[in-house]
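Structure file coords_12.pdb (PDB, N, CA and C atoms) follows.
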ATOM      1  N   MET A  27     234.209  95.155-117.315
ATOM      2  CA  MET A  27     234.009  95.588-118.696
ATOM      3  C   MET A  27     235.105  95.005-119.597
ATOM      4  N   ARG A  28     236.358  95.048-119.120
ATOM      5  CA  ARG A  28     237.448  94.501-119.941
ATOM      6  C   ARG A  28     237.296  93.005-120.158
ATOM      7  N   SER A  29     236.879  92.295-119.107
ATOM      8  CA  SER A  29     236.727  90.846-119.260
ATOM      9  C   SER A  29     235.595  90.516-120.237
ATOM     10  N   LEU A  30     234.543  91.301-120.244
ATOM     11  CA  LEU A  30     233.457  91.097-121.199
ATOM     12  C   LEU A  30     233.949  91.321-122.622
ATOM     13  N   LEU A  31     234.737  92.358-122.808
ATOM     14  CA  LEU A  31     235.301  92.639-124.122
ATOM     15  C   LEU A  31     236.217  91.505-124.567
ATOM     16  N   LEU A  32     237.024  90.998-123.665
ATOM     17  CA  LEU A  32     237.920  89.891-123.985
ATOM     18  C   LEU A  32     237.138  88.651-124.393
ATOM     19  N   VAL A  33     236.088  88.344-123.672
ATOM     20  CA  VAL A  33     235.248  87.185-123.996
ATOM     21  C   VAL A  33     234.618  87.359-125.373
ATOM     22  N   LEU A  34     234.126  88.543-125.671
ATOM     23  CA  LEU A  34     233.527  88.802-126.982
ATOM     24  C   LEU A  34     234.549  88.654-128.107
ATOM     25  N   LEU A  35     235.757  89.137-127.874
ATOM     26  CA  LEU A  35     236.802  89.004-128.883
ATOM     27  C   LEU A  35     237.154  87.543-129.118
ATOM     28  N   LEU A  36     237.223  86.763-128.064
ATOM     29  CA  LEU A  36     237.539  85.343-128.213
ATOM     30  C   LEU A  36     236.442  84.592-128.949
ATOM     31  N   LEU A  37     235.210  84.958-128.707
ATOM     32  CA  LEU A  37     234.102  84.302-129.388
ATOM     33  C   LEU A  37     234.046  84.638-130.862
ATOM     34  N   CYS A  38     234.619  85.752-131.246
ATOM     35  CA  CYS A  38     234.587  86.191-132.633
ATOM     36  C   CYS A  38     235.786  85.710-133.441
ATOM     37  N   THR A  39     236.754  85.077-132.808
ATOM     38  CA  THR A  39     237.923  84.597-133.537
ATOM     39  C   THR A  39     237.588  83.296-134.239
ATOM     40  N   PRO A  40     238.245  83.007-135.348
ATOM     41  CA  PRO A  40     237.990  81.759-136.067
ATOM     42  C   PRO A  40     238.260  80.521-135.216
ATOM     43  N   PHE A  41     239.220  80.590-134.292
ATOM     44  CA  PHE A  41     239.543  79.428-133.478
ATOM     45  C   PHE A  41     238.392  79.050-132.557
ATOM     46  N   ALA A  42     237.537  79.976-132.241
ATOM     47  CA  ALA A  42     236.431  79.696-131.325
ATOM     48  C   ALA A  42     235.309  78.926-132.017
ATOM     49  N   TRP A  43     235.159  79.089-133.332
ATOM     50  CA  TRP A  43     234.043  78.435-133.998
ATOM     51  C   TRP A  43     234.453  77.445-135.076
ATOM     52  N   ALA A  44     235.721  77.394-135.409
ATOM     53  CA  ALA A  44     236.179  76.427-136.405
ATOM     54  C   ALA A  44     236.829  75.246-135.702
ATOM     55  N   GLY A  45     236.420  74.046-136.093
ATOM     56  CA  GLY A  45     236.990  72.849-135.495
ATOM     57  C   GLY A  45     238.234  72.405-136.237
ATOM     58  N   ASN A  46     238.934  71.491-135.620
ATOM     59  CA  ASN A  46     240.110  70.906-136.247
ATOM     60  C   ASN A  46     239.770  69.526-136.778
ATOM     61  N   GLN A  47     240.585  69.069-137.703
ATOM     62  CA  GLN A  47     240.406  67.748-138.282
ATOM     63  C   GLN A  47     241.672  66.933-138.090
ATOM     64  N   VAL A  48     241.508  65.630-137.946
ATOM     65  CA  VAL A  48     242.643  64.717-137.906
ATOM     66  C   VAL A  48     242.694  64.018-139.256
ATOM     67  N   VAL A  49     243.813  64.191-139.937
ATOM     68  CA  VAL A  49     243.997  63.590-141.253
ATOM     69  C   VAL A  49     245.003  62.453-141.104
ATOM     70  N   THR A  50     244.628  61.274-141.554
ATOM     71  CA  THR A  50     245.547  60.135-141.550
ATOM     72  C   THR A  50     246.040  59.946-142.978
ATOM     73  N   LEU A  51     247.354  60.045-143.123
ATOM     74  CA  LEU A  51     247.983  59.867-144.428
ATOM     75  C   LEU A  51     248.692  58.518-144.472
ATOM     76  N   ASP A  52     248.565  57.808-145.562
ATOM     77  CA  ASP A  52     249.393  56.639-145.797
ATOM     78  C   ASP A  52     250.683  57.152-146.436
ATOM     79  N   VAL A  53     251.823  56.690-145.928
ATOM     80  CA  VAL A  53     253.111  57.141-146.454
ATOM     81  C   VAL A  53     253.894  55.919-146.921
ATOM     82  N   LYS A  54     254.126  55.836-148.209
ATOM     83  CA  LYS A  54     254.861  54.703-148.780
ATOM     84  C   LYS A  54     256.348  55.033-148.890
ATOM     85  N   GLY A  55     257.167  54.060-148.519
ATOM     86  CA  GLY A  55     258.610  54.209-148.691
ATOM     87  C   GLY A  55     259.392  54.435-147.415
ATOM     88  N   MET A  56     258.724  54.563-146.276
ATOM     89  CA  MET A  56     259.455  54.748-145.019
ATOM     90  C   MET A  56     260.089  53.414-144.607
ATOM     91  N   THR A  57     261.399  53.457-144.308
ATOM     92  CA  THR A  57     262.098  52.226-143.950
ATOM     93  C   THR A  57     262.910  52.335-142.655
ATOM     94  N   CYS A  58     263.040  53.542-142.100
ATOM     95  CA  CYS A  58     263.880  53.702-140.913
ATOM     96  C   CYS A  58     263.413  54.900-140.086
ATOM     97  N   PRO A  59     263.949  55.048-138.875
ATOM     98  CA  PRO A  59     263.557  56.183-138.030
ATOM     99  C   PRO A  59     263.862  57.547-138.660
ATOM    100  N   LEU A  60     264.885  57.622-139.475
ATOM    101  CA  LEU A  60     265.192  58.893-140.143
ATOM    102  C   LEU A  60     264.072  59.280-141.110
ATOM    103  N   CYS A  61     263.472  58.296-141.733
ATOM    104  CA  CYS A  61     262.331  58.560-142.626
ATOM    105  C   CYS A  61     261.208  59.248-141.853
ATOM    106  N   VAL A  62     260.937  58.754-140.664
ATOM    107  CA  VAL A  62     259.892  59.331-139.817
ATOM    108  C   VAL A  62     260.218  60.781-139.495
ATOM    109  N   THR A  63     261.471  61.042-139.159
ATOM    110  CA  THR A  63     261.902  62.403-138.835
ATOM    111  C   THR A  63     261.716  63.334-140.024
ATOM    112  N   VAL A  64     262.075  62.876-141.195
ATOM    113  CA  VAL A  64     261.949  63.690-142.409
ATOM    114  C   VAL A  64     260.488  64.010-142.696
ATOM    115  N   ILE A  65     259.618  63.016-142.587
ATOM    116  CA  ILE A  65     258.188  63.226-142.831
ATOM    117  C   ILE A  65     257.606  64.194-141.805
ATOM    118  N   ASN A  66     257.933  63.973-140.529
ATOM    119  CA  ASN A  66     257.429  64.865-139.469
ATOM    120  C   ASN A  66     257.847  66.307-139.728
ATOM    121  N   LYS A  67     259.110  66.503-140.056
ATOM    122  CA  LYS A  67     259.627  67.851-140.283
ATOM    123  C   LYS A  67     258.913  68.523-141.457
ATOM    124  N   ALA A  68     258.736  67.786-142.535
ATOM    125  CA  ALA A  68     258.075  68.356-143.723
ATOM    126  C   ALA A  68     256.628  68.741-143.423
ATOM    127  N   LEU A  69     255.919  67.876-142.723
ATOM    128  CA  LEU A  69     254.517  68.172-142.411
ATOM    129  C   LEU A  69     254.399  69.335-141.437
ATOM    130  N   ARG A  70     255.264  69.363-140.434
ATOM    131  CA  ARG A  70     255.200  70.433-139.428
ATOM    132  C   ARG A  70     255.571  71.795-140.006
ATOM    133  N   LYS A  71     256.364  71.810-141.070
ATOM    134  CA  LYS A  71     256.723  73.076-141.725
ATOM    135  C   LYS A  71     255.613  73.590-142.639
ATOM    136  N   THR A  72     254.650  72.751-142.939
ATOM    137  CA  THR A  72     253.555  73.138-143.820
ATOM    138  C   THR A  72     252.658  74.138-143.098
ATOM    139  N   GLU A  73     252.460  75.286-143.710
ATOM    140  CA  GLU A  73     251.672  76.346-143.080
ATOM    141  C   GLU A  73     250.263  75.879-142.763
ATOM    142  N   GLY A  74     249.849  76.089-141.525
ATOM    143  CA  GLY A  74     248.520  75.723-141.083
ATOM    144  C   GLY A  74     248.458  74.424-140.300
ATOM    145  N   VAL A  75     249.513  73.596-140.399
ATOM    146  CA  VAL A  75     249.522  72.331-139.669
ATOM    147  C   VAL A  75     249.690  72.617-138.182
ATOM    148  N   ILE A  76     248.820  72.040-137.372
ATOM    149  CA  ILE A  76     248.855  72.234-135.929
ATOM    150  C   ILE A  76     249.775  71.205-135.276
ATOM    151  N   LYS A  77     249.661  69.953-135.729
ATOM    152  CA  LYS A  77     250.451  68.877-135.142
ATOM    153  C   LYS A  77     250.610  67.777-136.175
ATOM    154  N   ALA A  78     251.766  67.119-136.175
ATOM    155  CA  ALA A  78     251.993  66.008-137.104
ATOM    156  C   ALA A  78     252.878  64.966-136.431
ATOM    157  N   LYS A  79     252.511  63.711-136.623
ATOM    158  CA  LYS A  79     253.294  62.609-136.068
ATOM    159  C   LYS A  79     253.156  61.414-136.996
ATOM    160  N   SER A  80     254.291  60.914-137.457
ATOM    161  CA  SER A  80     254.248  59.754-138.338
ATOM    162  C   SER A  80     254.768  58.524-137.609
ATOM    163  N   SER A  81     254.449  57.362-138.172
ATOM    164  CA  SER A  81     254.807  56.091-137.552
ATOM    165  C   SER A  81     255.407  55.155-138.592
ATOM    166  N   LEU A  82     256.580  54.639-138.279
ATOM    167  CA  LEU A  82     257.219  53.667-139.156
ATOM    168  C   LEU A  82     256.431  52.357-139.144
ATOM    169  N   LYS A  83     255.936  51.981-137.985
ATOM    170  CA  LYS A  83     255.211  50.722-137.821
ATOM    171  C   LYS A  83     253.945  50.674-138.676
ATOM    172  N   THR A  84     253.167  51.763-138.654
ATOM    173  CA  THR A  84     251.907  51.780-139.405
ATOM    174  C   THR A  84     252.057  52.328-140.826
ATOM    175  N   GLN A  85     253.230  52.930-141.107
ATOM    176  CA  GLN A  85     253.457  53.562-142.415
ATOM    177  C   GLN A  85     252.431  54.664-142.663
ATOM    178  N   GLN A  86     252.110  55.401-141.577
ATOM    179  CA  GLN A  86     251.122  56.470-141.667
ATOM    180  C   GLN A  86     251.597  57.699-140.910
ATOM    181  N   ALA A  87     250.954  58.812-141.212
ATOM    182  CA  ALA A  87     251.160  60.057-140.470
ATOM    183  C   ALA A  87     249.794  60.571-140.057
ATOM    184  N   ARG A  88     249.693  61.036-138.820
ATOM    185  CA  ARG A  88     248.461  61.665-138.324
ATOM    186  C   ARG A  88     248.743  63.154-138.197
ATOM    187  N   VAL A  89     247.922  63.943-138.846
ATOM    188  CA  VAL A  89     248.141  65.383-138.900
ATOM    189  C   VAL A  89     246.874  66.091-138.436
ATOM    190  N   ILE A  90     247.039  67.077-137.554
ATOM    191  CA  ILE A  90     245.902  67.883-137.118
ATOM    192  C   ILE A  90     245.972  69.218-137.842
ATOM    193  N   VAL A  91     244.878  69.532-138.518
ATOM    194  CA  VAL A  91     244.788  70.770-139.301
ATOM    195  C   VAL A  91     243.435  71.430-139.027
ATOM    196  N   PRO A  92     243.327  72.732-139.306
ATOM    197  CA  PRO A  92     242.025  73.390-139.144
ATOM    198  C   PRO A  92     241.028  72.902-140.194
ATOM    199  N   GLU A  93     239.769  72.992-139.857
ATOM    200  CA  GLU A  93     238.704  72.645-140.802
ATOM    201  C   GLU A  93     238.856  73.511-142.053
ATOM    202  N   GLY A  94     238.687  72.910-143.209
ATOM    203  CA  GLY A  94     238.793  73.649-144.458
ATOM    204  C   GLY A  94     240.211  73.717-145.004
ATOM    205  N   PHE A  95     241.141  73.032-144.366
ATOM    206  CA  PHE A  95     242.540  73.032-144.794
ATOM    207  C   PHE A  95     242.673  72.349-146.156
ATOM    208  N   ASP A  96     243.598  72.829-146.972
ATOM    209  CA  ASP A  96     243.849  72.251-148.290
ATOM    210  C   ASP A  96     244.670  70.973-148.130
ATOM    211  N   MET A  97     244.038  69.829-148.289
ATOM    212  CA  MET A  97     244.707  68.542-148.076
ATOM    213  C   MET A  97     245.807  68.278-149.090
ATOM    214  N   ASP A  98     245.713  68.910-150.251
ATOM    215  CA  ASP A  98     246.766  68.743-151.256
ATOM    216  C   ASP A  98     248.114  69.243-150.731
ATOM    217  N   ALA A  99     248.090  70.210-149.814
ATOM    218  CA  ALA A  99     249.342  70.729-149.238
ATOM    219  C   ALA A  99     250.049  69.655-148.427
ATOM    220  N   LEU A 100     249.292  68.787-147.770
ATOM    221  CA  LEU A 100     249.900  67.694-146.997
ATOM    222  C   LEU A 100     250.536  66.661-147.926
ATOM    223  N   ILE A 101     249.810  66.299-148.964
ATOM    224  CA  ILE A 101     250.335  65.323-149.923
ATOM    225  C   ILE A 101     251.579  65.879-150.607
ATOM    226  N   LYS A 102     251.537  67.150-150.973
ATOM    227  CA  LYS A 102     252.679  67.786-151.623
ATOM    228  C   LYS A 102     253.895  67.797-150.694
ATOM    229  N   ALA A 103     253.672  68.093-149.406
ATOM    230  CA  ALA A 103     254.780  68.121-148.440
ATOM    231  C   ALA A 103     255.447  66.749-148.338
ATOM    232  N   VAL A 104     254.638  65.702-148.303
ATOM    233  CA  VAL A 104     255.191  64.344-148.228
ATOM    234  C   VAL A 104     255.895  63.990-149.534
ATOM    235  N   ASP A 105     255.250  64.256-150.653
ATOM    236  CA  ASP A 105     255.825  63.911-151.960
ATOM    237  C   ASP A 105     257.148  64.620-152.220
ATOM    238  N   GLU A 106     257.289  65.840-151.725
ATOM    239  CA  GLU A 106     258.531  66.587-151.931
ATOM    240  C   GLU A 106     259.707  65.995-151.160
ATOM    241  N   THR A 107     259.440  65.141-150.196
ATOM    242  CA  THR A 107     260.522  64.493-149.457
ATOM    243  C   THR A 107     261.021  63.238-150.166
ATOM    244  N   GLY A 108     260.306  62.810-151.205
ATOM    245  CA  GLY A 108     260.687  61.607-151.927
ATOM    246  C   GLY A 108     259.846  60.398-151.570
ATOM    247  N   TYR A 109     258.945  60.551-150.618
ATOM    248  CA  TYR A 109     258.032  59.481-150.241
ATOM    249  C   TYR A 109     256.702  59.732-150.947
ATOM    250  N   LYS A 110     255.812  58.771-150.893
ATOM    251  CA  LYS A 110     254.518  58.908-151.568
ATOM    252  C   LYS A 110     253.413  58.963-150.526
ATOM    253  N   GLY A 111     252.699  60.083-150.489
ATOM    254  CA  GLY A 111     251.626  60.264-149.524
ATOM    255  C   GLY A 111     250.260  60.194-150.165
ATOM    256  N   SER A 112     249.306  59.636-149.435
ATOM    257  CA  SER A 112     247.911  59.627-149.879
ATOM    258  C   SER A 112     247.011  59.706-148.645
ATOM    259  N   ILE A 113     245.846  60.281-148.822
ATOM    260  CA  ILE A 113     244.920  60.449-147.701
ATOM    261  C   ILE A 113     244.181  59.141-147.463
ATOM    262  N   ASN A 114     244.237  58.685-146.216
ATOM    263  CA  ASN A 114     243.539  57.486-145.813
ATOM    264  C   ASN A 114     242.159  57.835-145.270
ATOM    265  N   LYS A 115     242.117  58.789-144.320
ATOM    266  CA  LYS A 115     240.834  59.234-143.775
ATOM    267  C   LYS A 115     240.964  60.613-143.138
ATOM    268  N   ILE A 116     239.815  61.263-143.041
ATOM    269  CA  ILE A 116     239.705  62.583-142.400
ATOM    270  C   ILE A 116     238.557  62.487-141.412
ATOM    271  N   GLU A 117     238.814  62.898-140.177
ATOM    272  CA  GLU A 117     237.766  62.868-139.164
ATOM    273  C   GLU A 117     237.887  64.075-138.252
ATOM    274  N   PRO A 118     236.808  64.466-137.607
ATOM    275  CA  PRO A 118     236.870  65.595-136.678
ATOM    276  C   PRO A 118     237.765  65.255-135.491
ATOM    277  N   GLU A 119     238.465  66.252-134.978
ATOM    278  CA  GLU A 119     239.294  66.028-133.803
ATOM    279  C   GLU A 119     238.390  65.810-132.607
ATOM    280  N   ALA A 120     238.709  64.793-131.845
ATOM    281  CA  ALA A 120     237.889  64.474-130.655
ATOM    282  C   ALA A 120     238.202  65.384-129.498
TER     283      ALA A 120
END
Starting from the file, lay out its structure as C-alpha cells.
Amino acid sequence: MRSLLLVLLLLCTPFAWAGNQVVTLDVKGMTCPLCVTVINKALRKTEGVIKAKSSLKTQQARVIVPEGFDMDALIKAVDETGYKGSINKIEPEA
C-alpha cells in the first residue's frame, strides 16, 4: 500500500510530467578560463537552473532548465556579469 502511494505521489509531481530543455546561449566577451568560471557561477545561481556549462572555445553556454523557464533570466544573469548573452537555440533534453 505504501509503495502504491509513493508511486502515485511521484506521478503527480511536476518533475514526472514536465520535461527539461537545453538552452544554448551565445556569450560575447569571454577571453580566458576565469570568464568561463564567472559565467558558470552566474548561471548556476539563477533559480531554476538545473545545470550550466560554458565553453571558451565555442563562446557558448549550455544550460538545462525546466520546460516553461523564463529565458530572460538566463540572459540577465549573463549580462549582469559584464558579458553579453543571447539565445542561440532551445531544444528538448535528450
Hey, what comes out of the PyMOL selection byres ((chain A and resi 75-83) around 8) on this file? Could you write it as an MDAnalysis selection string?
-> chainID A and resid 56:59 61:63 65:67 69:74 84:92
Computed interatomic separation between atom N of Ile116 in chain A and atom N of Thr50 in chain A (Å) |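 Computing it gives 5.0 Å between the two atoms.
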Length of the atom N of Val48 in chain A to atom N of Ala99 in chain A vector [Å] |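 Atom N of Val48 in chain A sits 14.3 Å away from atom N of Ala99 in chain A.
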Assign secondary structure with DSSP using the backbone only, and return the residues of chain A in alpha helix (DSSP H) as a PyMOL selection string.
-> chain A and resi 28-38+40-43+59-71+97-105
So which bits of chain A end up strand (DSSP E) when you DSSP the backbone, as a count of residues only?
-> 30
Using atom N of Asn46 in chain A and atom N of Ala120 in chain A as the two end points, give the distance in Å to one decimal.
->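 Calculated distance between atom N of Asn46 in chain A and atom N of Ala120 in chain A is 7.7 Å.
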